[in-house]
Amino acid sequence: MDIKKLMVSNPVVADMSAYKEVFWLNPGAGEPASLPFGMDDINDAEARLARFAPYIAKAFPETARSAGIIESPLKEIPKMKSDLCRMTGNFDGRLFLKCDSHLPISGSIKARGGIYEVLKLAEKIAIDHGMLTADDDYSKLDSNEFHRLFSQYSVAVGSTGNLGLSIGIISAKLGFKVTVHMSADARQWKKDLLRSKGAVVVEYPDDYQKAVAEGRREAASDPMCHFVDDEGSQDLFLGYSVAAKRLLPQLADADVTVDSRHPLFVYLPCGVGGAPGGVAFGLKQLLGENVHIFFAEPTHAPCMTLGLATGLHDAIAVRDIGLDGITDADGLAVGRPSKLVGTIMETLLDGCYTIDDSKLYPFLAALADREKIYIEPSACASFTGPALVTSASQYLESKGLADKMAAATHILWATGGSMVPDNEMKLYYERGK
């Protein structure tokens, strides 16, 4: 691979290699494409989560109020909007925060796909052993009988933190032996919490890719071990996609119309790509050309932007262009993107942008001050999106959106935060101030 030639032919790569913030618009957005999944797959995942709701409500009492449905609120944040306009530039329309930062059980967007994949595994094992049918009350899985069954199996995952939390917590609760392979940039409190839940945590002095590779290698040698592959799992992807179906009634409750005259813009922090990719796929299936989706990444680890802008996907990593991959946005500290997600996003994603770490903390503090909502630094990566899109006049003109922005709705997708210990959150907040 001739990196110098790549930078000359693709200036955005040269800018990324210099740790500059970039705003990349996807030239393939809206092109016809043959996708590997469709609405039937999303509906199947949604139905499985509904079957497991009685179990979730019983095993995790904090979900009893939602009858075992793992969902987060959609909150309008008008006070934060005024601050954001001051901090990043003006933009029209309403501003919302999708609070996956406060999802029950594991406090991040990973509670969607991660928990879904382990539940699907448990369902298959129980059905294969003749102990469960799809018509049963799944709350019976919270019993010694099923714990003994699942204890014969193990689950492994490589993670920078939040996916590990989701996989570790649900796997241990069901009775699986679970090992989380964690990279050097994972927060210590996440490792401590996982161990307290009964998971085995293996630490590596290397990056996310090393943790995933070691987890995959270890699982391959054990036929009773299921490896949750954050780089290529279809189950993870479809678990995340259900979020789109859940969002529609929330938009209706907030009196938000999404149609050709009322565009919706969604901004999602991105690491390897599975979570934002699944959400984006679901939203495009349901709302089509009326929803416009952007991924946000740290300047030190813009792996999805790099993979899409070059068309190389997982055949190029941030270190190939001289980046160190080190970022305070620990959940986004990924050097190589998911090929599965990248190829699907080639026609669904409107664009990507990057953000310097120094901006994350002032956004975190402002959101706490103005809206009393606390999220982790990586969840703030999306906050420059509305101003960037609004200032992209050629993009808006080409999409027929220039005269519709006053009627637009913007959603910042908050990806994690509620599990952060108070003392750690206080340090984030003080740094932001």
# chains A, B, ... in the order shown; residues from 1 in each chain; ligands from 1
call {"tool": "closest_atom_pairs", "arguments": {"of": "region 274-325 of chain A", "to": "region 38-58 of chain A", "cutoff": "10 Å", "atoms": "only C-alpha atoms", "output": "JSON lines"}}
result
{"residue": "A:Gly278", "atom": "CA", "partner": "A:Ile42", "partner_atom": "CA", "distance": 9.7}
{"residue": "A:Phe281", "atom": "CA", "partner": "A:Gly38", "partner_atom": "CA", "distance": 8.9}
{"residue": "A:Gly282", "atom": "CA", "partner": "A:Ile42", "partner_atom": "CA", "distance": 7.3}
{"residue": "A:Gln285", "atom": "CA", "partner": "A:Met39", "partner_atom": "CA", "distance": 6.8}
{"residue": "A:Leu286", "atom": "CA", "partner": "A:Met39", "partner_atom": "CA", "distance": 8.3}
call {"tool": "write_last_selection", "arguments": {"atoms": "C-alpha atoms", "output": "PDB file, in the first residue's frame"}}
result
ATOM      1  CA  GLY A 278     -26.772  -1.158  13.334  1.00  0.00           C
ATOM      2  CA  PHE A 281     -29.191   0.562   9.157  1.00  0.00           C
ATOM      3  CA  GLY A 282     -32.428   0.377  11.150  1.00  0.00           C
ATOM      4  CA  GLN A 285     -34.835   0.938   6.646  1.00  0.00           C
ATOM      5  CA  LEU A 286     -37.644   2.789   8.428  1.00  0.00           C
TER       6      LEU A 286
END
call {"tool": "closest_atom_pairs", "arguments": {"of": "region 255-336 of chain A", "to": "region 17-32 of chain A", "cutoff": "7 Å", "atoms": "only C-alpha atoms", "output": "tab-separated table"}}
result
residue	atom	partner	partner_atom	distance
A:Thr299	CA	A:Tyr19	CA	5.3
A:His300	CA	A:Tyr19	CA	6.2
A:Ile321	CA	A:Ser17	CA	5.4
A:Gly322	CA	A:Ser17	CA	6.0
A:Leu323	CA	A:Ser17	CA	6.1
call {"tool": "select_by_dssp", "arguments": {"residues": "region 72-312 of chain A", "states": "alpha helix (DSSP H)", "output": "ChimeraX atom specification"}}
result
/A:78-88,110-128,144-150,162-174,188-196,208-220,234-253,274-287,303-310
call {"tool": "select_by_dssp", "arguments": {"residues": "region 293-335 of chain A", "states": "strand (DSSP E)", "output": "compact mmCIF listing (two decimals) with N, CA and C atoms, in the first residue's frame"}}
result
# COMPACT_ATOMS: atom_id res chain seq x y z
N ILE A 293 -27.55 10.50 8.35
CA ILE A 293 -26.78 9.94 9.46
C ILE A 293 -25.29 10.21 9.28
N PHE A 294 -24.67 10.64 10.39
CA PHE A 294 -23.24 10.94 10.41
C PHE A 294 -22.59 10.23 11.59
N PHE A 295 -21.37 9.72 11.34
CA PHE A 295 -20.58 9.10 12.40
C PHE A 295 -19.52 10.08 12.87
N ALA A 296 -19.24 10.05 14.18
CA ALA A 296 -18.22 10.93 14.77
C ALA A 296 -17.11 10.08 15.39
N GLU A 297 -15.87 10.49 15.15
CA GLU A 297 -14.71 9.74 15.66
C GLU A 297 -13.65 10.69 16.20
N PRO A 298 -12.79 10.20 17.11
CA PRO A 298 -11.69 11.04 17.60
C PRO A 298 -10.61 11.19 16.55
call {"tool": "closest_residue", "arguments": {"among": "A:Ser143, A:Thr327, A:Ser196, A:Ser382", "to": "Ala184 (chain A)", "atoms": "only C-alpha atoms"}}
result
A:Thr327
call {"tool": "atom_distance", "arguments": {"atom1": "CA of Tyr429 (chain A)", "atom2": "CA of Arg195 (chain A)"}}
result
26.6 Å
call {"tool": "closest_residue", "arguments": {"among": "A:Asp128, A:Asp230, A:Asp357, A:Asp259", "to": "Val341 (chain A)", "atoms": "only C-alpha atoms"}}
result
A:Asp230
call {"tool": "closest_residue", "arguments": {"among": "A:Tyr116, A:Phe150, A:Phe37, A:Phe237", "to": "Lys177 (chain A)", "atoms": "only C-alpha atoms"}}
result
A:Phe150
call {"tool": "residues_around", "arguments": {"residues": "Cys380 (chain A)", "least_positions_apart": "3", "cutoff": "12 Å", "atoms": "only C-alpha atoms", "output": "compact mmCIF listing (two decimals) with C-alpha atoms, in the first residue's frame"}}
result
# COMPACT_ATOMS: atom_id res chain seq x y z
CA LEU A 84 -23.84 24.30 21.54
CA LEU A 97 -30.26 13.59 23.16
CA LYS A 98 -30.88 9.85 22.78
CA CYS A 99 -29.86 8.66 26.23
CA SER A 101 -25.86 6.56 28.14
CA TYR A 267 -25.08 11.87 14.93
CA LEU A 268 -23.46 8.72 16.33
CA PRO A 269 -20.05 8.25 17.96
CA CYS A 270 -18.21 5.43 16.18
CA ALA A 296 -18.22 10.93 14.77
CA GLU A 297 -14.71 9.74 15.66
CA PRO A 298 -11.69 11.04 17.60
CA ASP A 328 -9.59 9.82 25.88
CA ALA A 329 -12.70 8.60 24.04
CA ASP A 330 -11.78 5.08 25.17
CA GLY A 331 -14.80 3.37 23.61
CA LEU A 332 -13.77 4.82 20.25
CA THR A 354 -13.63 13.83 13.62
CA ILE A 355 -13.18 15.71 16.87
CA ASP A 356 -10.18 16.60 18.99
CA ASP A 357 -10.19 15.12 22.49
CA SER A 358 -9.86 18.57 24.07
CA LYS A 359 -13.42 19.43 22.99
CA LEU A 360 -15.08 16.45 24.65
CA TYR A 361 -14.81 17.69 28.22
CA PRO A 362 -16.30 21.19 27.76
CA PHE A 363 -19.31 19.55 26.06
CA LEU A 364 -19.61 17.09 28.95
CA ALA A 365 -19.55 19.89 31.52
CA ALA A 366 -22.01 22.06 29.60
CA LEU A 367 -24.50 19.20 29.29
CA ALA A 368 -24.23 18.58 33.04
CA ILE A 373 -27.29 14.90 32.27
CA TYR A 374 -23.93 13.23 32.78
CA ILE A 375 -22.30 11.20 30.00
CA GLU A 376 -18.79 9.90 29.40
CA PRO A 377 -16.28 11.76 27.17
CA PHE A 383 -21.66 17.25 19.52
CA THR A 384 -20.04 19.25 16.71
CA GLY A 385 -22.24 17.51 14.11
CA LEU A 412 -27.08 13.43 19.37
CA TRP A 413 -26.75 9.75 20.31
CA ALA A 414 -25.24 9.53 23.82
CA THR A 415 -23.49 6.18 23.91
CA GLY A 416 -22.40 5.73 27.53
CA GLY A 417 -22.01 7.28 30.95
CA TYR A 428 -14.30 14.63 33.78
CA GLY A 432 -14.44 20.38 31.26
call {"tool": "closest_residue", "arguments": {"among": "A:Ala407, A:Met345, A:Val157, A:Ala379", "to": "Thr257 (chain A)", "atoms": "only C-alpha atoms"}}
result
A:Ala407
call {"tool": "atom_distance", "arguments": {"atom1": "CA of Ala244 (chain A)", "atom2": "CA of Leu194 (chain A)"}}
result
28.6 Å
call {"tool": "decode", "arguments": {"residues": "region 45-134 of chain A", "atoms": "C-alpha atoms", "output": "tab-separated table (two decimals), in the first residue's frame"}}
result
chain	number	residue	atom	x	y	z
A	45	ALA	CA	-34.47	-9.43	16.59
A	46	GLU	CA	-37.23	-7.29	18.08
A	47	ALA	CA	-39.43	-10.37	18.62
A	48	ARG	CA	-36.59	-12.23	20.35
A	49	LEU	CA	-36.02	-9.32	22.73
A	50	ALA	CA	-39.76	-9.32	23.48
A	51	ARG	CA	-39.62	-13.06	24.31
A	52	PHE	CA	-36.77	-12.40	26.73
A	53	ALA	CA	-38.45	-9.39	28.40
A	54	PRO	CA	-39.97	-11.49	31.26
A	55	TYR	CA	-36.51	-12.92	32.00
A	56	ILE	CA	-34.86	-9.48	31.91
A	57	ALA	CA	-37.52	-8.04	34.23
A	58	LYS	CA	-36.95	-10.86	36.72
A	59	ALA	CA	-33.14	-11.04	36.54
A	60	PHE	CA	-32.62	-7.26	36.49
A	61	PRO	CA	-35.23	-5.60	38.74
A	62	GLU	CA	-34.21	-2.15	37.51
A	63	THR	CA	-36.01	-3.02	34.25
A	64	ALA	CA	-39.29	-4.00	35.93
A	65	ARG	CA	-40.83	-0.59	35.24
A	66	SER	CA	-40.27	-1.11	31.49
A	67	ALA	CA	-41.44	-4.75	31.74
A	68	GLY	CA	-38.00	-6.02	30.81
A	69	ILE	CA	-37.58	-3.91	27.69
A	70	ILE	CA	-34.09	-2.40	27.61
A	71	GLU	CA	-34.68	1.12	26.32
A	72	SER	CA	-33.54	4.68	26.92
A	73	PRO	CA	-35.39	8.01	26.84
A	74	LEU	CA	-35.23	10.59	24.06
A	75	LYS	CA	-34.83	14.01	25.69
A	76	GLU	CA	-35.08	17.43	24.09
A	77	ILE	CA	-32.17	19.60	25.29
A	78	PRO	CA	-33.00	23.22	24.38
A	79	LYS	CA	-30.67	24.74	27.00
A	80	MET	CA	-27.79	22.70	25.66
A	81	LYS	CA	-28.71	23.77	22.16
A	82	SER	CA	-28.09	27.41	23.03
A	83	ASP	CA	-24.71	26.50	24.52
A	84	LEU	CA	-23.84	24.30	21.54
A	85	CYS	CA	-24.63	27.12	19.11
A	86	ARG	CA	-22.30	29.35	21.08
A	87	MET	CA	-19.56	26.69	21.27
A	88	THR	CA	-19.71	25.28	17.72
A	89	GLY	CA	-21.77	27.61	15.51
A	90	ASN	CA	-25.45	28.26	14.97
A	91	PHE	CA	-27.90	25.70	13.63
A	92	ASP	CA	-31.67	25.65	13.24
A	93	GLY	CA	-34.16	23.03	14.36
A	94	ARG	CA	-34.81	21.10	17.55
A	95	LEU	CA	-32.04	19.27	19.41
A	96	PHE	CA	-32.48	15.96	21.24
A	97	LEU	CA	-30.26	13.59	23.16
A	98	LYS	CA	-30.88	9.85	22.78
A	99	CYS	CA	-29.86	8.66	26.23
A	100	ASP	CA	-28.31	5.27	25.54
A	101	SER	CA	-25.86	6.56	28.14
A	102	HIS	CA	-28.53	5.55	30.63
A	103	LEU	CA	-29.67	2.19	29.26
A	104	PRO	CA	-30.32	-0.24	32.12
A	105	ILE	CA	-28.01	-3.15	33.00
A	106	SER	CA	-24.76	-1.81	31.52
A	107	GLY	CA	-25.26	1.92	30.90
A	108	SER	CA	-24.25	2.18	27.27
A	109	ILE	CA	-25.42	1.57	23.70
A	110	LYS	CA	-23.67	-1.82	23.95
A	111	ALA	CA	-26.55	-2.99	26.14
A	112	ARG	CA	-28.46	-3.34	22.88
A	113	GLY	CA	-26.33	-5.53	20.63
A	114	GLY	CA	-24.15	-7.13	23.29
A	115	ILE	CA	-26.99	-8.35	25.46
A	116	TYR	CA	-28.99	-9.40	22.40
A	117	GLU	CA	-26.24	-11.66	21.07
A	118	VAL	CA	-25.83	-13.47	24.40
A	119	LEU	CA	-29.61	-13.87	24.78
A	120	LYS	CA	-29.81	-15.37	21.29
A	121	LEU	CA	-27.04	-17.81	22.20
A	122	ALA	CA	-28.80	-18.80	25.42
A	123	GLU	CA	-32.09	-19.31	23.57
A	124	LYS	CA	-30.47	-21.61	21.02
A	125	ILE	CA	-28.72	-23.72	23.68
A	126	ALA	CA	-31.90	-24.04	25.76
A	127	ILE	CA	-34.04	-24.98	22.75
A	128	ASP	CA	-31.43	-27.46	21.48
A	129	HIS	CA	-31.49	-29.16	24.90
A	130	GLY	CA	-35.28	-29.40	24.81
A	131	MET	CA	-35.64	-27.14	27.85
A	132	LEU	CA	-37.30	-24.17	26.12
A	133	THR	CA	-39.76	-23.38	23.35
A	134	ALA	CA	-40.47	-20.00	21.79
